[in-house]
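Visitor: File data35.cif below, mmCIF, C-alpha atoms:
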data_model
#
loop_
_atom_site.label_atom_id
_atom_site.label_comp_id
_atom_site.auth_asym_id
_atom_site.auth_seq_id
_atom_site.Cartn_x
_atom_site.Cartn_y
_atom_site.Cartn_z
CA MET A 220 -92.16 98.67 75.29
CA THR A 221 -93.22 95.12 76.17
CA VAL A 222 -96.77 94.09 75.36
CA VAL A 223 -98.15 91.27 77.51
CA ALA A 224 -101.14 89.34 76.22
CA GLU A 225 -104.32 89.17 78.30
CA GLY A 226 -105.13 85.55 77.38
CA LEU A 227 -102.85 82.50 77.62
CA LYS A 228 -100.45 82.36 80.58
CA ILE A 229 -97.69 79.78 80.97
CA ASP A 230 -95.33 79.23 83.89
CA TRP A 231 -92.13 78.88 81.85
CA SER A 232 -90.09 78.11 84.96
CA ILE A 233 -91.57 74.59 84.89
CA MET A 234 -91.71 74.20 81.13
CA PRO A 235 -88.28 74.31 79.47
CA THR A 236 -88.51 74.41 75.69
CA TYR A 237 -85.62 74.13 73.26
CA ASN A 238 -86.97 72.67 70.06
CA THR A 239 -85.58 75.77 68.38
CA ILE A 240 -81.98 74.51 68.36
CA MET A 241 -83.27 70.96 67.85
CA SER A 242 -85.06 72.02 64.67
CA ILE A 243 -81.93 73.69 63.32
CA ALA A 244 -79.82 70.64 64.19
CA ALA A 245 -82.34 68.27 62.58
CA GLY A 246 -82.42 70.36 59.42
CA ALA A 247 -78.65 70.61 59.30
CA GLY A 248 -78.41 66.86 59.91
CA LEU A 249 -80.65 66.06 56.95
CA LEU A 250 -78.66 68.40 54.73
CA ALA A 251 -75.39 66.92 55.98
CA LEU A 252 -76.54 63.43 55.04
CA VAL A 253 -77.47 64.60 51.54
CA LEU A 254 -74.13 66.34 51.02
CA PHE A 255 -72.23 63.36 52.42
CA GLY A 256 -74.12 61.17 49.98
CA LYS A 257 -73.17 63.51 47.12
CA GLU A 258 -69.50 63.10 48.02
CA LEU A 259 -69.89 59.33 48.04
CA LEU A 260 -71.63 59.38 44.65
CA ALA A 261 -68.98 61.68 43.19
CA ASN A 262 -66.24 59.34 44.41
CA ALA A 263 -68.05 56.33 42.95
CA LYS A 264 -68.05 57.99 39.54
CA ASP A 265 -64.53 59.40 39.86
CA SER A 266 -62.23 57.74 42.38
CA SER A 267 -60.00 60.84 42.49
CA SER A 268 -62.83 62.77 44.16
CA ASP A 269 -61.97 63.27 47.83
CA ILE A 270 -64.17 62.27 50.80
CA ASN A 271 -63.70 64.49 53.84
CA THR A 272 -64.29 61.83 56.50
CA ASP A 273 -62.79 63.96 59.31
CA GLY A 274 -65.07 66.87 58.48
CA TRP A 275 -68.17 64.69 58.28
CA SER A 276 -67.26 63.00 61.56
CA ILE A 277 -67.14 66.39 63.25
CA ALA A 278 -70.37 67.56 61.61
CA PHE A 279 -72.35 64.44 62.51
CA GLY A 280 -70.89 64.46 66.02
CA VAL A 281 -71.82 68.07 66.77
CA LEU A 282 -75.38 67.60 65.53
CA GLY A 283 -75.77 64.29 67.35
CA ILE A 284 -74.53 65.83 70.60
CA ILE A 285 -77.30 68.42 70.33
CA LEU A 286 -80.13 66.11 69.32
CA PHE A 287 -79.54 63.00 71.42
CA PRO A 288 -79.38 64.40 74.99
CA MET A 289 -82.08 66.99 74.35
CA GLY A 290 -84.31 64.32 72.86
CA MET A 291 -83.64 62.07 75.85
CA HIS A 292 -84.50 64.82 78.32
CA MET A 293 -87.64 65.79 76.43
CA SER A 294 -88.82 62.16 76.18
CA LEU A 295 -88.02 61.10 79.75
CA THR A 296 -89.10 64.19 81.69
CA TRP A 297 -91.93 65.49 79.49
CA PRO A 298 -91.14 69.18 80.11
CA LEU A 299 -93.65 70.42 77.54
CA ALA A 300 -96.55 68.72 79.33
CA ALA A 301 -96.56 71.55 81.86
CA GLY A 302 -97.86 74.01 79.28
CA GLY A 303 -100.44 71.81 77.65
CA PHE A 304 -98.38 70.52 74.71
CA PRO A 305 -97.52 66.95 75.83
CA PHE A 306 -97.62 65.51 72.31
CA ASP A 307 -94.59 67.66 71.44
CA ASN A 308 -92.49 65.52 73.78
CA ILE A 309 -93.21 62.52 71.54
CA VAL A 310 -93.08 64.35 68.21
CA PHE A 311 -89.81 66.20 68.79
CA GLY A 312 -88.22 64.30 71.68
CA GLU A 313 -88.40 60.71 70.49
CA THR A 314 -87.55 61.46 66.88
CA SER A 315 -84.53 63.46 68.03
CA ILE A 316 -83.31 60.48 70.08
CA GLY A 317 -83.36 58.24 67.02
CA PHE A 318 -81.79 60.74 64.63
CA GLY A 319 -79.25 61.90 67.19
CA ALA A 320 -78.13 58.35 67.98
CA LEU A 321 -77.67 57.60 64.27
CA LEU A 322 -75.59 60.74 63.77
CA LEU A 323 -73.42 60.00 66.80
CA LEU A 324 -72.69 56.46 65.65
CA ALA A 325 -71.92 57.67 62.12
CA SER A 326 -69.53 60.21 63.61
CA PHE A 327 -67.81 57.58 65.74
CA TYR A 328 -67.45 55.20 62.80
CA LEU A 329 -65.92 57.83 60.52
CA TRP A 330 -63.59 58.94 63.32
CA ARG A 331 -62.30 55.42 63.92
CA ARG A 332 -62.49 53.98 60.38
CA GLY A 333 -62.40 57.07 58.15
CA GLU A 334 -59.18 56.26 56.31
CA GLN A 335 -60.15 52.64 55.71
CA PHE A 336 -63.64 53.71 54.68
CA ALA A 337 -62.38 56.16 52.05
CA ALA A 338 -59.65 53.88 50.72
CA ALA A 339 -61.69 51.82 48.25
CA ASN A 340 -65.32 51.76 47.05
CA PRO A 341 -66.65 53.86 49.97
CA LEU A 342 -70.17 54.04 48.53
CA LYS A 343 -70.51 50.26 48.35
CA LYS A 344 -68.89 49.99 51.76
CA PHE A 345 -71.43 52.47 53.12
CA GLY A 346 -74.19 50.32 51.64
CA ARG A 347 -72.88 47.23 53.46
CA VAL A 348 -72.08 48.88 56.79
CA ALA A 349 -75.35 50.81 57.05
CA GLN A 350 -77.59 47.98 55.82
CA PRO A 351 -78.29 46.38 59.25
CA ILE A 352 -79.37 49.69 60.80
CA SER A 353 -81.22 50.83 57.66
CA TRP A 354 -84.40 49.05 58.71
CA PHE A 355 -84.48 51.08 61.91
CA VAL A 356 -84.25 54.19 59.73
CA GLY A 357 -87.10 52.82 57.64
CA THR A 358 -89.32 52.21 60.65
CA LEU A 359 -88.54 55.72 61.89
CA GLY A 360 -89.94 56.82 58.55
CA LEU A 361 -93.14 54.91 59.31
CA ALA A 362 -93.26 56.65 62.69
CA LEU A 363 -93.00 59.99 60.91
CA PHE A 364 -95.99 58.98 58.79
CA GLY A 365 -97.84 58.30 62.05
CA ILE A 366 -96.91 61.74 63.36
CA ALA A 367 -98.12 63.31 60.12
CA ALA A 368 -101.42 61.43 60.34
CA ALA A 369 -101.89 62.50 63.96
CA GLY A 370 -101.09 66.10 63.05
CA ILE A 371 -103.87 66.18 60.45
CA THR A 372 -106.37 64.12 62.46
CA TYR A 373 -106.04 66.09 65.70
CA GLN A 374 -105.00 69.44 64.18
CA LEU A 375 -101.72 69.53 66.10
CA PHE A 376 -98.89 72.08 65.80
CA ALA A 377 -101.17 75.14 65.69
CA ALA A 378 -99.47 78.02 67.48
CA PRO A 379 -101.44 80.10 70.03
CA ALA A 380 -102.43 83.63 69.07
CA GLU A 381 -99.81 84.97 71.50
CA GLU A 382 -96.95 83.64 69.34
CA PRO A 383 -95.66 86.11 66.74
CA ILE A 384 -95.94 85.17 63.04
CA SER A 385 -97.15 81.59 63.59
CA GLY A 386 -99.95 82.96 65.77
CA TRP A 387 -101.40 84.77 62.77
CA PHE A 388 -102.92 81.42 61.82
CA ALA A 389 -104.28 80.61 65.28
CA ASP A 390 -107.87 80.79 63.98
CA TYR A 391 -106.96 78.40 61.15
CA PRO A 392 -105.33 75.44 62.93
CA MET A 393 -105.29 73.28 59.81
CA VAL A 394 -102.78 75.62 58.14
CA GLU A 395 -99.86 74.83 60.46
CA ALA A 396 -101.13 71.30 61.07
CA THR A 397 -100.97 70.60 57.33
CA PHE A 398 -97.62 72.34 56.90
CA MET A 399 -95.87 70.48 59.72
CA SER A 400 -97.53 67.15 58.91
CA LEU A 401 -96.41 67.31 55.28
CA LEU A 402 -92.91 68.21 56.46
CA PHE A 403 -92.70 65.15 58.72
CA ALA A 404 -94.22 62.95 56.03
CA LEU A 405 -91.64 64.08 53.46
CA VAL A 406 -88.77 63.26 55.81
CA GLY A 407 -90.48 59.90 56.32
CA VAL A 408 -90.48 59.24 52.57
CA GLY A 409 -86.69 59.52 52.48
CA ALA A 410 -86.33 57.36 55.60
CA VAL A 411 -88.57 54.59 54.23
CA LEU A 412 -86.60 54.58 50.96
CA PHE A 413 -83.23 54.45 52.75
CA PRO A 414 -82.90 50.63 52.98
CA PHE A 415 -83.72 50.28 49.30
CA VAL A 416 -81.32 53.06 48.32
CA LEU A 417 -78.53 51.19 50.12
CA GLY A 418 -79.37 48.16 47.98
CA LYS A 419 -78.85 50.33 44.89
CA PHE A 420 -75.51 51.50 46.27
CA ARG A 421 -74.35 47.92 46.82
CA SER A 422 -75.38 46.92 43.30
CA GLY A 423 -73.72 49.94 41.69
CA ASP A 424 -76.98 51.47 40.42
CA PHE A 425 -76.11 54.99 41.57
CA ASP A 426 -78.54 56.90 39.37
CA ALA A 427 -81.75 55.08 40.31
CA LYS A 428 -84.82 57.30 40.71
CA ILE A 429 -85.32 56.35 44.35
CA VAL A 430 -81.83 57.67 45.14
CA LYS A 431 -82.83 61.06 43.76
CA VAL A 432 -86.22 60.99 45.50
CA MET A 433 -84.60 60.27 48.86
CA GLY A 434 -81.98 62.97 48.32
CA TRP A 435 -84.49 65.65 47.34
CA SER A 436 -86.90 64.76 50.15
CA TRP A 437 -84.17 65.23 52.77
CA ALA A 438 -82.63 68.28 51.08
CA VAL A 439 -85.94 70.17 50.89
CA THR A 440 -87.05 69.26 54.42
CA GLY A 441 -83.57 69.95 55.80
CA VAL A 442 -83.69 73.52 54.50
CA ILE A 443 -87.24 74.04 55.79
CA PHE A 444 -86.50 72.63 59.27
CA ALA A 445 -83.38 74.78 59.58
CA LEU A 446 -85.14 77.97 58.48
CA PHE A 447 -88.21 77.19 60.61
CA GLY A 448 -85.99 76.66 63.66
CA ALA A 449 -84.18 79.93 63.00
CA MET A 450 -87.50 81.78 62.75
CA ASN A 451 -88.64 80.18 66.00
CA PHE A 452 -85.80 81.84 67.88
CA PHE A 453 -87.86 84.99 67.40
CA THR A 454 -91.36 83.53 67.63
CA HIS A 455 -90.70 81.41 70.73
CA ILE A 456 -89.07 84.32 72.54
CA GLY A 457 -92.12 86.39 71.65
CA LEU A 458 -94.43 83.64 72.92
CA ILE A 459 -92.57 83.51 76.22
CA VAL A 460 -92.71 87.29 76.65
CA ASN A 461 -96.41 87.39 75.78
CA THR A 462 -97.45 84.56 78.11
CA MET A 463 -95.31 85.01 81.22
#
Once more with this new file: its structure as structure tokens, please.
Guide:
Amino acid sequence: MTVVAEGLKIDWSIMPTYNTIMSIAAGAGLLALVLFGKELLANAKDSSSDINTDGWSIAFGVLGIILFPMGMHMSLTWPLAAGGFPFDNIVFGETSIGFGALLLLASFYLWRRGEQFAAANPLKKFGRVAQPISWFVGTLGLALFGIAAAGITYQLFAAPAEEPISGWFADYPMVEATFMSLLFALVGVGAVLFPFVLGKFRSGDFDAKIVKVMGWSWAVTGVIFALFGAMNFFTHIGLIVNTM
């Protein structure tokens, strides 16, 4: 039996939403970067340790193909504005463009230069190759801090009461606002540290504390984003059913 809520109504025919798969892809992307980094660190300490450049090229490519076009569509057409959530087009759309583009270019590089990359000192080579774009990653981190600040200031991200699970906290908007804002801020910490971590890679200081901080910040947030996106496949379907 389908229960339809008496309150909020949304015309979903004019408001496509797909930040479910985007959240899973973003989480998987963060985890993929951490695991790729672990392979590079293992190789730096033991040159016999293999680096699966073909596998990482495929992984980064698949995730980039999901994030980049969906982020572009969300940012250029503002589909979520139709239901009263226009800020989500900035929060999820624009960040997905940046992350998706980085993953696609990493995939392309490993596809074309994988054998050369893995041949000698791949960690130091990664530090040199990624250095020019690392400052874009760092500024994306600053943008994530801005999103976190906006989430707290304006109590964003609170789900309506009609959404299962997340809607339990509809009367306490600061709960989800704080949760999501801290999540974005923690990803931002890793992004801001990224240029400096590359400097450590180039110098051979593989065990620096900031390397571990960046790795843990992306590992933890990657797991949370992936699980949150998986949960939203249920909660978003429930929201649609309850607000049609």
Visitor: My list of candidates is A:Glu381, A:Leu405, A:Leu295, A:Ala263. Which is closest to Phe345 (chain A) when distances are computed with all atoms listed in the file?
Guide: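 Ranked by minimum distance to Phe345 (chain A), first place goes to A:Ala263.
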Visitor: Hey, which of A:Ile384, A:Ala449, A:Leu260, A:Val416 ends up closest to Val356 (chain A)? Count all atoms listed in the file.
Guide: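 Of all the options, A:Val416 lies closest to Val356 (chain A).
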Visitor: Once you count all atoms listed in the file, what closest atom pair and distance in Å to one decimal does each residue of region 279-367 of chain A within 12 Å of region 431-446 of chain A have, with rows by chain and rising residue number, as a tab-separated table?
Guide:
residue	atom	partner	partner_atom	distance
A:Phe311	CA	A:Phe444	CA	12.0
A:Gly357	CA	A:Met433	CA	11.8
A:Gly360	CA	A:Met433	CA	11.6
Visitor: On this file, the PyMOL selection byres ((chain A and resi 251) around 9) gives some set of residues; write that set as an mmCIF file with C-alpha atoms, in the frame of the given file.
Guide:
data_model
loop_
_atom_site.group_PDB
_atom_site.id
_atom_site.type_symbol
_atom_site.label_atom_id
_atom_site.label_comp_id
_atom_site.auth_asym_id
_atom_site.auth_seq_id
_atom_site.Cartn_x
_atom_site.Cartn_y
_atom_site.Cartn_z
ATOM 1 C CA GLY A 246 -82.420 70.360 59.420
ATOM 2 C CA ALA A 247 -78.650 70.610 59.300
ATOM 3 C CA GLY A 248 -78.410 66.860 59.910
ATOM 4 C CA LEU A 249 -80.650 66.060 56.950
ATOM 5 C CA LEU A 250 -78.660 68.400 54.730
ATOM 6 C CA LEU A 252 -76.540 63.430 55.040
ATOM 7 C CA VAL A 253 -77.470 64.600 51.540
ATOM 8 C CA LEU A 254 -74.130 66.340 51.020
ATOM 9 C CA PHE A 255 -72.230 63.360 52.420
ATOM 10 C CA GLY A 256 -74.120 61.170 49.980
ATOM 11 C CA TRP A 275 -68.170 64.690 58.280
ATOM 12 C CA ALA A 278 -70.370 67.560 61.610
ATOM 13 C CA PHE A 279 -72.350 64.440 62.510
ATOM 14 C CA ALA A 438 -82.630 68.280 51.080
ATOM 15 C CA GLY A 441 -83.570 69.950 55.800
#
Visitor: What residues come out when you apply the PyMOL selection byres ((chain A and resi 386) around 12) to this file, written as an NGL selection string?
Guide: :A and (376-385 or 387-392 or 394-395 or 451 or 454-455 or 457-458 or 461)
Visitor: Quick one: of A:Phe327, A:Leu286, A:Met399, A:Pro414, who's nearest to Pro351 (chain A), counting all atoms listed in the file?
Guide: A:Pro414
Visitor: So which one's closest to Phe304 (chain A), A:Ser422, A:Thr236, A:Thr272, A:Ser266? Using only C-alpha atoms, please.
Guide: A:Thr236
Visitor: Find, counting all atoms listed in the file, the residue in A:Ala301, A:Leu342, A:Met293, A:Leu412 that gets nearest to Lys228 (chain A).
Guide: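 Result for the nearest residue to Lys228 (chain A): A:Ala301.
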Visitor: Run the PyMOL selection byres ((chain A and resi 344) around 12) mentally over the shown coordinates, then write out the matched residues as a list in words, using the chain letters and numbers from the document.
Guide: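 Applying the PyMOL selection byres ((chain A and resi 344) around 12) to the structure shown produces Leu259, Ala263, Arg332, Gly333, Gln335, Phe336, Ala337, Ala338, Ala339, Asn340, Pro341, Leu342, Lys343, Phe345, Gly346, Arg347, Val348, Ala349, Gln350, Leu417, Gly418, Phe420, Arg421, Ser422 and Gly423 of chain A.
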Visitor: Go ahead and dump the residues you just picked, C-alpha atoms, as a compact mmCIF listing (two decimals), in the frame of the given file.
Guide:
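part.txt, freshly written:
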# COMPACT_ATOMS: atom_id res chain seq x y z
CA LEU A 259 -69.89 59.33 48.04
CA ALA A 263 -68.05 56.33 42.95
CA ARG A 332 -62.49 53.98 60.38
CA GLY A 333 -62.40 57.07 58.15
CA GLN A 335 -60.15 52.64 55.71
CA PHE A 336 -63.64 53.71 54.68
CA ALA A 337 -62.38 56.16 52.05
CA ALA A 338 -59.65 53.88 50.72
CA ALA A 339 -61.69 51.82 48.25
CA ASN A 340 -65.32 51.76 47.05
CA PRO A 341 -66.65 53.86 49.97
CA LEU A 342 -70.17 54.04 48.53
CA LYS A 343 -70.51 50.26 48.35
CA PHE A 345 -71.43 52.47 53.12
CA GLY A 346 -74.19 50.32 51.64
CA ARG A 347 -72.88 47.23 53.46
CA VAL A 348 -72.08 48.88 56.79
CA ALA A 349 -75.35 50.81 57.05
CA GLN A 350 -77.59 47.98 55.82
CA LEU A 417 -78.53 51.19 50.12
CA GLY A 418 -79.37 48.16 47.98
CA PHE A 420 -75.51 51.50 46.27
CA ARG A 421 -74.35 47.92 46.82
CA SER A 422 -75.38 46.92 43.30
CA GLY A 423 -73.72 49.94 41.69
Visitor: Could you please determine the separation between CA of Ser400 (chain A) and CA of Ala368 (chain A) in Å, to one decimal place?
Guide: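 Straight-line distance from CA of Ser400 (chain A) to CA of Ala368 (chain A) works out to 7.1 Å.
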Visitor: Please determine, counting only C-alpha atoms, which residue among A:Ile233, A:Leu324, A:Val310, A:Phe425 has the shortest atom-to-atom distance to Ala369 (chain A).
Guide: A:Val310
Visitor: Could you state the separation of CA of Leu329 (chain A) and CA of Asn271 (chain A) in Å, given to one decimal place?
Guide: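 Rounded to one decimal, the two atoms are 9.7 Å apart.
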Visitor: Between CA of Tyr373 (chain A) and CA of Leu402 (chain A), what is the distance, to one decimal in Å?
Guide: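 CA of Leu402 (chain A) lies at a distance of 16.2 Å from CA of Tyr373 (chain A).
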